[in-house]
>>> print(open('run30.tsv').read())   # TSV, C-alpha atoms
chain	number	residue	atom	x	y	z
Y	1095	MET	CA	38.78	79.59	38.21
Y	1096	PRO	CA	41.70	80.62	35.98
Y	1097	MET	CA	42.48	78.28	33.11
Y	1098	ARG	CA	45.86	76.65	33.40
Y	1099	LEU	CA	47.89	76.57	30.22
Y	1100	PRO	CA	49.46	73.24	29.28
Y	1101	THR	CA	53.20	73.05	29.81
Y	1102	PHE	CA	55.46	70.93	27.65
Y	1103	LEU	CA	58.32	70.88	30.13
Y	1104	ASP	CA	57.46	70.65	33.80
Y	1105	ALA	CA	59.69	69.67	36.71
Y	1106	SER	CA	59.02	65.94	36.35
Y	1107	SER	CA	59.84	65.89	32.63
Y	1108	TYR	CA	62.94	68.01	33.28
Y	1109	ARG	CA	63.99	65.50	35.97
Y	1110	ALA	CA	63.40	62.68	33.50
Y	1111	GLY	CA	65.51	64.52	30.93
Y	1112	LEU	CA	68.32	64.90	33.44
Y	1113	ARG	CA	68.45	61.13	33.72
Y	1114	LEU	CA	69.74	61.06	30.15
Y	1115	CYS	CA	72.93	62.86	31.21
Y	1116	PRO	CA	76.07	60.80	31.93
Y	1117	PRO	CA	76.00	59.38	35.50
Y	1118	ALA	CA	79.01	61.39	36.72
Y	1119	PHE	CA	77.55	64.73	35.58
Y	1120	ARG	CA	74.08	63.78	36.84
Y	1121	ARG	CA	75.29	62.93	40.34
Y	1122	GLU	CA	77.27	66.15	40.55
Y	1123	TYR	CA	74.83	68.70	39.13
Y	1124	ALA	CA	71.33	67.25	38.57
Y	1125	ASP	CA	69.96	68.40	41.96
Y	1126	GLN	CA	71.23	71.93	41.44
Y	1127	MET	CA	69.93	72.04	37.87
Y	1128	LEU	CA	66.50	70.91	39.00
Y	1129	GLN	CA	66.46	73.49	41.76
Y	1130	ASP	CA	67.46	76.20	39.28
Y	1131	PHE	CA	64.76	75.04	36.89
Y	1132	ASP	CA	62.13	75.30	39.65
Y	1133	ASP	CA	63.30	78.78	40.65
Y	1134	ALA	CA	63.41	79.99	37.05
Y	1135	CYS	CA	59.90	78.61	36.39
Y	1136	ARG	CA	58.56	80.31	39.52
Y	1137	GLU	CA	60.02	83.65	38.42
Y	1138	ALA	CA	58.81	83.22	34.84
Y	1139	ALA	CA	55.29	82.34	36.03
Y	1140	ASP	CA	55.19	85.63	37.95
Y	1141	ALA	CA	56.57	87.57	34.98
Y	1142	GLY	CA	54.46	85.74	32.38
Y	1143	GLY	CA	57.20	84.29	30.18
Y	1144	MET	CA	56.71	80.61	30.87
Y	1145	GLY	CA	56.58	79.31	27.28
Y	1146	ARG	CA	59.82	80.98	26.23
Y	1147	LEU	CA	61.62	79.87	29.36
Y	1148	GLN	CA	60.53	76.27	28.92
Y	1149	LEU	CA	61.69	76.28	25.31
Y	1150	GLN	CA	65.09	77.66	26.37
Y	1151	MET	CA	65.37	75.16	29.21
Y	1152	GLY	CA	64.39	72.28	26.92
Y	1153	LEU	CA	66.96	73.22	24.29
Y	1154	ASP	CA	69.59	73.73	26.98
Y	1155	LEU	CA	68.87	70.28	28.39
Y	1156	ILE	CA	69.15	68.60	24.98
Y	1157	ARG	CA	72.41	70.41	24.30
Y	1158	THR	CA	73.73	69.48	27.74
Y	1159	VAL	CA	72.94	65.79	27.27
Y	1160	VAL	CA	74.75	65.68	23.93
Y	1161	VAL	CA	77.75	67.77	25.08
Y	1162	GLN	CA	78.18	65.89	28.35
Y	1163	TRP	CA	78.09	62.47	26.68
Y	1164	PHE	CA	80.77	63.61	24.27
Y	1165	ARG	CA	82.77	65.13	27.13
Y	1166	SER	CA	82.51	61.85	29.03
Y	1167	GLY	CA	84.61	60.33	26.26
Y	1168	TRP	CA	81.97	57.66	25.69
Y	1169	PRO	CA	82.13	57.66	21.87
Y	1170	VAL	CA	85.93	57.25	21.94
Y	1171	ILE	CA	85.72	54.60	24.67
Y	1172	MET	CA	83.08	52.72	22.70
Y	1173	PHE	CA	85.20	52.87	19.57
Y	1174	LEU	CA	88.29	51.70	21.46
Y	1175	SER	CA	86.26	48.95	23.12
Y	1176	VAL	CA	84.85	47.69	19.87
Y	1177	LEU	CA	88.11	47.91	17.92
Y	1178	PRO	CA	90.06	45.14	19.74
Y	1179	MET	CA	86.96	42.97	19.77
Y	1180	LEU	CA	86.57	43.34	16.02
Y	1181	ALA	CA	90.27	42.58	15.54
Y	1182	ALA	CA	89.97	39.49	17.73
Y	1183	MET	CA	86.90	38.35	15.83
Y	1184	ALA	CA	88.63	38.88	12.49
Y	1185	GLY	CA	91.62	36.84	13.69
Y	1186	LEU	CA	89.35	34.11	15.00
Y	1187	ALA	CA	87.41	34.00	11.75
Y	1188	ARG	CA	90.64	33.57	9.80
Y	1189	LEU	CA	91.74	30.71	12.07
Y	1190	VAL	CA	88.35	29.04	11.83
Y	1191	GLY	CA	88.42	29.47	8.05
Y	1192	ARG	CA	91.69	27.51	7.85
Y	1193	ALA	CA	90.49	24.72	10.13
Y	1194	LYS	CA	88.66	21.77	8.68
Y	1195	PHE	CA	85.34	20.92	10.21
Y	1196	ASP	CA	83.45	17.88	9.12
Y	1197	ILE	CA	79.95	19.18	9.40
Y	1198	PRO	CA	77.52	16.94	7.59
Y	1199	GLU	CA	75.67	18.87	4.93
Y	1200	ASN	CA	72.41	17.25	5.82
Y	1201	LEU	CA	72.58	18.43	9.42
Y	1202	PRO	CA	69.17	20.02	9.98
Y	1203	ASP	CA	70.31	22.61	12.53
Y	1204	SER	CA	73.51	23.89	10.83
Y	1205	GLU	CA	71.94	27.29	10.12
Y	1206	ALA	CA	70.60	27.51	13.64
Y	1207	ILE	CA	74.06	26.76	15.05
Y	1208	GLY	CA	75.49	29.54	12.91
Y	1209	LEU	CA	72.86	31.95	14.14
Y	1210	VAL	CA	73.52	31.03	17.78
Y	1211	LEU	CA	77.26	31.58	17.25
Y	1212	ILE	CA	76.67	35.01	15.68
Y	1213	ALA	CA	74.24	35.98	18.45
Y	1214	THR	CA	76.72	34.86	21.14
Y	1215	VAL	CA	79.53	36.91	19.62
Y	1216	THR	CA	77.21	39.94	19.28
Y	1217	VAL	CA	76.05	39.70	22.89
Y	1218	PHE	CA	79.67	39.34	24.04
Y	1219	LEU	CA	80.63	42.39	21.98
Y	1220	VAL	CA	77.79	44.52	23.37
Y	1221	ALA	CA	78.41	43.36	26.96
Y	1222	THR	CA	82.13	44.17	26.71
Y	1223	THR	CA	81.35	47.59	25.31
Y	1224	ILE	CA	78.87	48.34	28.10
Y	1225	VAL	CA	81.22	47.12	30.86
Y	1226	LEU	CA	84.20	49.07	29.51
Y	1227	THR	CA	82.08	52.18	29.00
Y	1228	LEU	CA	80.65	52.06	32.53
Y	1229	TRP	CA	84.11	51.46	33.95
Y	1230	ALA	CA	85.63	54.38	32.05
Y	1231	THR	CA	82.79	56.79	32.91
Y	1232	ARG	CA	82.54	55.81	36.58
Y	1233	PRO	CA	82.15	58.83	38.90
Y	1234	ARG	CA	85.26	59.97	40.71
Y	1235	ARG	CA	85.16	61.12	44.29
Y	1236	ARG	CA	84.54	64.86	44.50
Y	1237	ILE	CA	87.05	66.87	46.49
Y	1238	ARG	CA	85.48	69.78	48.34
Y	1239	ARG	CA	87.82	72.61	49.10
N	584	MET	CA	95.79	81.58	24.35
N	585	MET	CA	92.58	80.74	22.49
N	586	PRO	CA	89.66	83.17	22.86
N	587	LEU	CA	87.27	82.12	25.61
N	588	THR	CA	83.71	81.12	24.83
N	589	PRO	CA	80.92	83.58	25.76
N	590	ALA	CA	79.71	81.23	28.50
N	591	VAL	CA	83.18	81.07	30.08
N	592	VAL	CA	83.65	84.86	29.90
N	593	HIS	CA	80.27	85.56	31.50
N	594	VAL	CA	80.69	82.96	34.25
N	595	LEU	CA	84.17	84.30	35.08
N	596	LEU	CA	82.85	87.88	35.03
N	597	SER	CA	80.05	86.94	37.37
N	598	LEU	CA	82.41	85.21	39.80
N	599	ALA	CA	84.76	88.20	39.65
N	600	GLY	CA	82.06	89.98	41.65
N	601	GLY	CA	82.25	87.46	44.48
N	602	ASP	CA	81.37	83.88	45.39
N	603	ARG	CA	78.07	82.78	43.86
N	604	HIS	CA	75.95	79.68	43.39
N	605	GLY	CA	74.84	78.45	39.97
N	606	TYR	CA	71.47	80.17	39.89
N	607	ALA	CA	72.98	83.49	41.00
N	608	ILE	CA	75.48	83.18	38.13
N	609	LEU	CA	72.60	82.47	35.74
N	610	LYS	CA	70.77	85.61	36.87
N	611	ASP	CA	73.97	87.65	36.86
N	612	VAL	CA	74.66	86.73	33.22
N	613	GLU	CA	71.17	87.93	32.35
N	614	ARG	CA	71.90	91.24	34.05
N	615	GLN	CA	75.35	91.59	32.44
N	616	SER	CA	73.86	91.15	28.98
N	617	ALA	CA	70.71	93.23	29.64
N	618	SER	CA	68.61	90.05	29.16
N	619	ARG	CA	69.99	89.51	25.64
N	620	LEU	CA	71.76	86.37	26.78
N	621	ARG	CA	70.23	83.64	28.87
N	622	PHE	CA	72.15	80.47	29.64
N	623	GLY	CA	70.35	77.42	30.94
N	624	PRO	CA	71.46	75.47	34.02
N	625	GLY	CA	73.14	72.84	31.84
N	626	THR	CA	75.37	75.44	30.20
N	627	ILE	CA	76.22	77.07	33.53
N	628	TYR	CA	77.14	73.83	35.33
N	629	GLY	CA	78.90	72.39	32.29
N	630	THR	CA	81.01	75.54	32.15
N	631	LEU	CA	81.68	75.46	35.90
N	632	GLN	CA	82.73	71.82	35.61
N	633	ARG	CA	85.27	72.67	32.90
N	634	LEU	CA	86.55	75.71	34.81
N	635	MET	CA	87.07	73.61	37.94
N	636	GLU	CA	88.94	71.01	35.91
N	637	VAL	CA	91.41	73.63	34.66
N	638	GLY	CA	91.72	75.23	38.11
N	639	TRP	CA	90.14	78.58	37.29
N	640	VAL	CA	87.22	78.13	39.67
N	641	GLU	CA	86.84	76.21	42.91
N	642	GLU	CA	83.90	75.11	44.97
N	643	VAL	CA	83.71	76.70	48.40
N	644	ASP	CA	81.52	76.31	51.45
N	645	ALA	CA	78.32	78.32	51.56
N	646	PRO	CA	78.66	81.64	53.36
N	647	ALA	CA	77.35	81.82	56.91
N	648	GLY	CA	74.22	83.77	56.03
N	649	ALA	CA	73.27	81.69	52.98
N	650	SER	CA	69.50	81.43	52.58
N	651	ASP	CA	69.56	77.94	51.07
N	652	SER	CA	72.07	75.43	52.42
N	653	ARG	CA	71.49	73.11	49.44
N	654	ARG	CA	73.16	75.60	47.12
N	655	ARG	CA	76.81	75.05	46.21
N	656	TYR	CA	79.03	78.10	45.89
N	657	TYR	CA	81.87	78.75	43.48
N	658	ARG	CA	84.86	81.07	43.69
N	659	LEU	CA	87.14	82.55	41.03
N	660	MET	CA	90.78	81.51	41.52
N	661	ARG	CA	93.85	83.51	40.61
N	662	ALA	CA	94.41	81.63	37.34
N	663	GLY	CA	90.80	82.32	36.37
N	664	ARG	CA	91.16	86.02	37.14
N	665	GLU	CA	94.32	86.20	35.01
N	666	ALA	CA	92.61	84.41	32.14
N	667	LEU	CA	89.67	86.81	32.38
N	668	ARG	CA	92.02	89.79	32.40
N	669	ALA	CA	93.81	88.48	29.29
N	670	GLU	CA	90.47	88.00	27.54
N	671	VAL	CA	89.29	91.51	28.45
N	672	ASP	CA	92.61	92.89	27.12
N	673	ARG	CA	92.13	90.93	23.91
N	674	LEU	CA	88.59	92.26	23.51
N	675	GLY	CA	89.81	95.78	24.28
N	676	ALA	CA	92.43	95.52	21.54
N	677	LEU	CA	89.78	94.22	19.17
N	678	LEU	CA	87.57	97.18	20.01
N	679	GLU	CA	90.43	99.55	19.23
N	680	VAL	CA	90.84	97.94	15.81
N	681	ALA	CA	87.10	98.26	15.22
N	682	ARG	CA	87.29	101.94	16.15
N	683	ALA	CA	90.26	102.47	13.85
N	684	HIS	CA	88.16	101.04	11.01
N	685	ARG	CA	85.24	103.25	12.08
N	686	ILE	CA	83.06	100.23	12.73
N	687	ARG	CA	82.46	101.35	16.26
N	688	PRO	CA	82.91	105.11	16.75
N	689	ARG	CA	84.54	106.40	19.90
N	690	GLU	CA	82.13	107.41	22.61
N	691	THR	CA	82.07	111.14	23.20
N	692	ARG	CA	82.01	112.27	26.78
N	693	GLY	CA	80.10	115.17	28.29
>>> encode(input="run30.tsv", output="structure tokens")
Amino acid sequence: MPMRLPTFLDASSYRAGLRLCPPAFRREYADQMLQDFDDACREAADAGGMGRLQLQMGLDLIRTVVVQWFRSGWPVIMFLSVLPMLAAMAGLARLVGRAKFDIPENLPDSEAIGLVLIATVTVFLVATTIVLTLWATRPRRRIRR
Amino acid sequence: MMPLTPAVVHVLLSLAGGDRHGYAILKDVERQSASRLRFGPGTIYGTLQRLMEVGWVEEVDAPAGASDSRRRYYRLMRAGREALRAEVDRLGALLEVARAHRIRPRETRG
């Protein structure tokens, strides 16, 4: 029985890698890319150049994931999403700083309250970023000509 | 106009030969470059996506005798052909300069 060489990038790991692409690109091209990967692997197996092909395909996939996320505008959207939130938080902090709160110093849970407030603001910030990012990168309907 | 990237030039050149699906373009690029250049599917579809956005390439229905109906076919549009022609002219002019500087000697015929 011929010994089968281990492969570092098979169809299932390539499919898993495709899931890292932005949703819009994935919906549009992932099936075709997977089909092309299968065909290329089949040809390379016959020709005996499997290792090189897999390396090329792996590097191409990594490059595609990075390029497509940048093309999706996600970094800019994230920055623009975070910016108004940070401005709002800074304004709020200034207002709160001016206000007078009579918090007793011997309150046992004052640090815990502070932590909860920080955590709430952080969660709100992250949730807003995710929602705005998903909204901005939502797939558009494809027009077939 | 800015010089086109190698991926764009090769995809446009491949589609200049007729409607093709992604994998056929991938194989065609290999042939064009005598196997010196091999683009992965991500590069090919990323390039096609950009070319469709600028209106140089369009997606068309599969031809009647297509062996695999799951394949999606792409066609070079007039704007794409003009851009390719301009790029080939630019490269031709560059080659002339290289010849004038004796970097690439003229090919002798016969």
>>> closest_atom_pairs(input="run30.tsv", of="chain N", to="chain Y", cutoff="10 Å", atoms="all atoms listed in the file", output="Markdown table")
| residue | atom | partner | partner_atom | distance |
| --- | --- | --- | --- | --- |
| N:His604 | CA | Y:Gln1126 | CA | 9.3 |
| N:Gly605 | CA | Y:Gln1126 | CA | 7.6 |
| N:Tyr606 | CA | Y:Asp1130 | CA | 5.7 |
| N:Ala607 | CA | Y:Asp1130 | CA | 9.3 |
| N:Leu609 | CA | Y:Asp1130 | CA | 8.8 |
| N:Lys610 | CA | Y:Ala1134 | CA | 9.3 |
| N:Arg621 | CA | Y:Gln1150 | CA | 8.3 |
| N:Phe622 | CA | Y:Asp1154 | CA | 7.7 |
| N:Gly623 | CA | Y:Asp1154 | CA | 5.5 |
| N:Pro624 | CA | Y:Met1127 | CA | 5.4 |
| N:Gly625 | CA | Y:Thr1158 | CA | 5.3 |
| N:Thr626 | CA | Y:Thr1158 | CA | 6.7 |
| N:Ile627 | CA | Y:Met1127 | CA | 9.1 |
| N:Tyr628 | CA | Y:Tyr1123 | CA | 6.8 |
| N:Gly629 | CA | Y:Thr1158 | CA | 7.5 |
| N:Gln632 | CA | Y:Phe1119 | CA | 8.8 |
| N:Arg633 | CA | Y:Arg1165 | CA | 9.8 |
| N:Glu641 | CA | Y:Arg1239 | CA | 7.2 |
| N:Glu642 | CA | Y:Arg1239 | CA | 6.2 |
| N:Val643 | CA | Y:Arg1239 | CA | 5.8 |
| N:Asp644 | CA | Y:Arg1239 | CA | 7.7 |
| N:Arg653 | CA | Y:Gln1126 | CA | 8.1 |
| N:Arg654 | CA | Y:Gln1126 | CA | 7.0 |
| N:Arg655 | CA | Y:Gln1126 | CA | 8.0 |
>>> atom_distance(input="run30.tsv", atom1="CA of Ala666 (chain N)", atom2="CA of Gly1167 (chain Y)")
26.0 Å
>>> closest_residue(input="run30.tsv", among="N:Arg603, N:Met660, N:His593, N:Leu587", to="Ala645 (chain N)", atoms="only C-alpha atoms")
N:Arg603
>>> atom_distance(input="run30.tsv", atom1="CA of Ser1106 (chain Y)", atom2="CA of Thr1227 (chain Y)")
27.8 Å
>>> atom_distance(input="run30.tsv", atom1="CA of Arg614 (chain N)", atom2="CA of Ser1107 (chain Y)")
28.1 Å
>>> closest_residue(input="run30.tsv", among="Y:Val1176, Y:Leu1149, Y:Leu1186, Y:Ile1171", to="Ala1221 (chain Y)", atoms="only C-alpha atoms")
Y:Val1176
>>> closest_residue(input="run30.tsv", among="Y:Ala1206, Y:Val1190, Y:Ala1138, Y:Val1225", to="Met1172 (chain Y)", atoms="only C-alpha atoms")
Y:Val1225
>>> residues_around(input="run30.tsv", residues="Arg687 (chain N)", least_positions_apart="5", cutoff="12 Å", atoms="all atoms listed in the file", output="PyMOL selection string")
chain N and resi 677-682
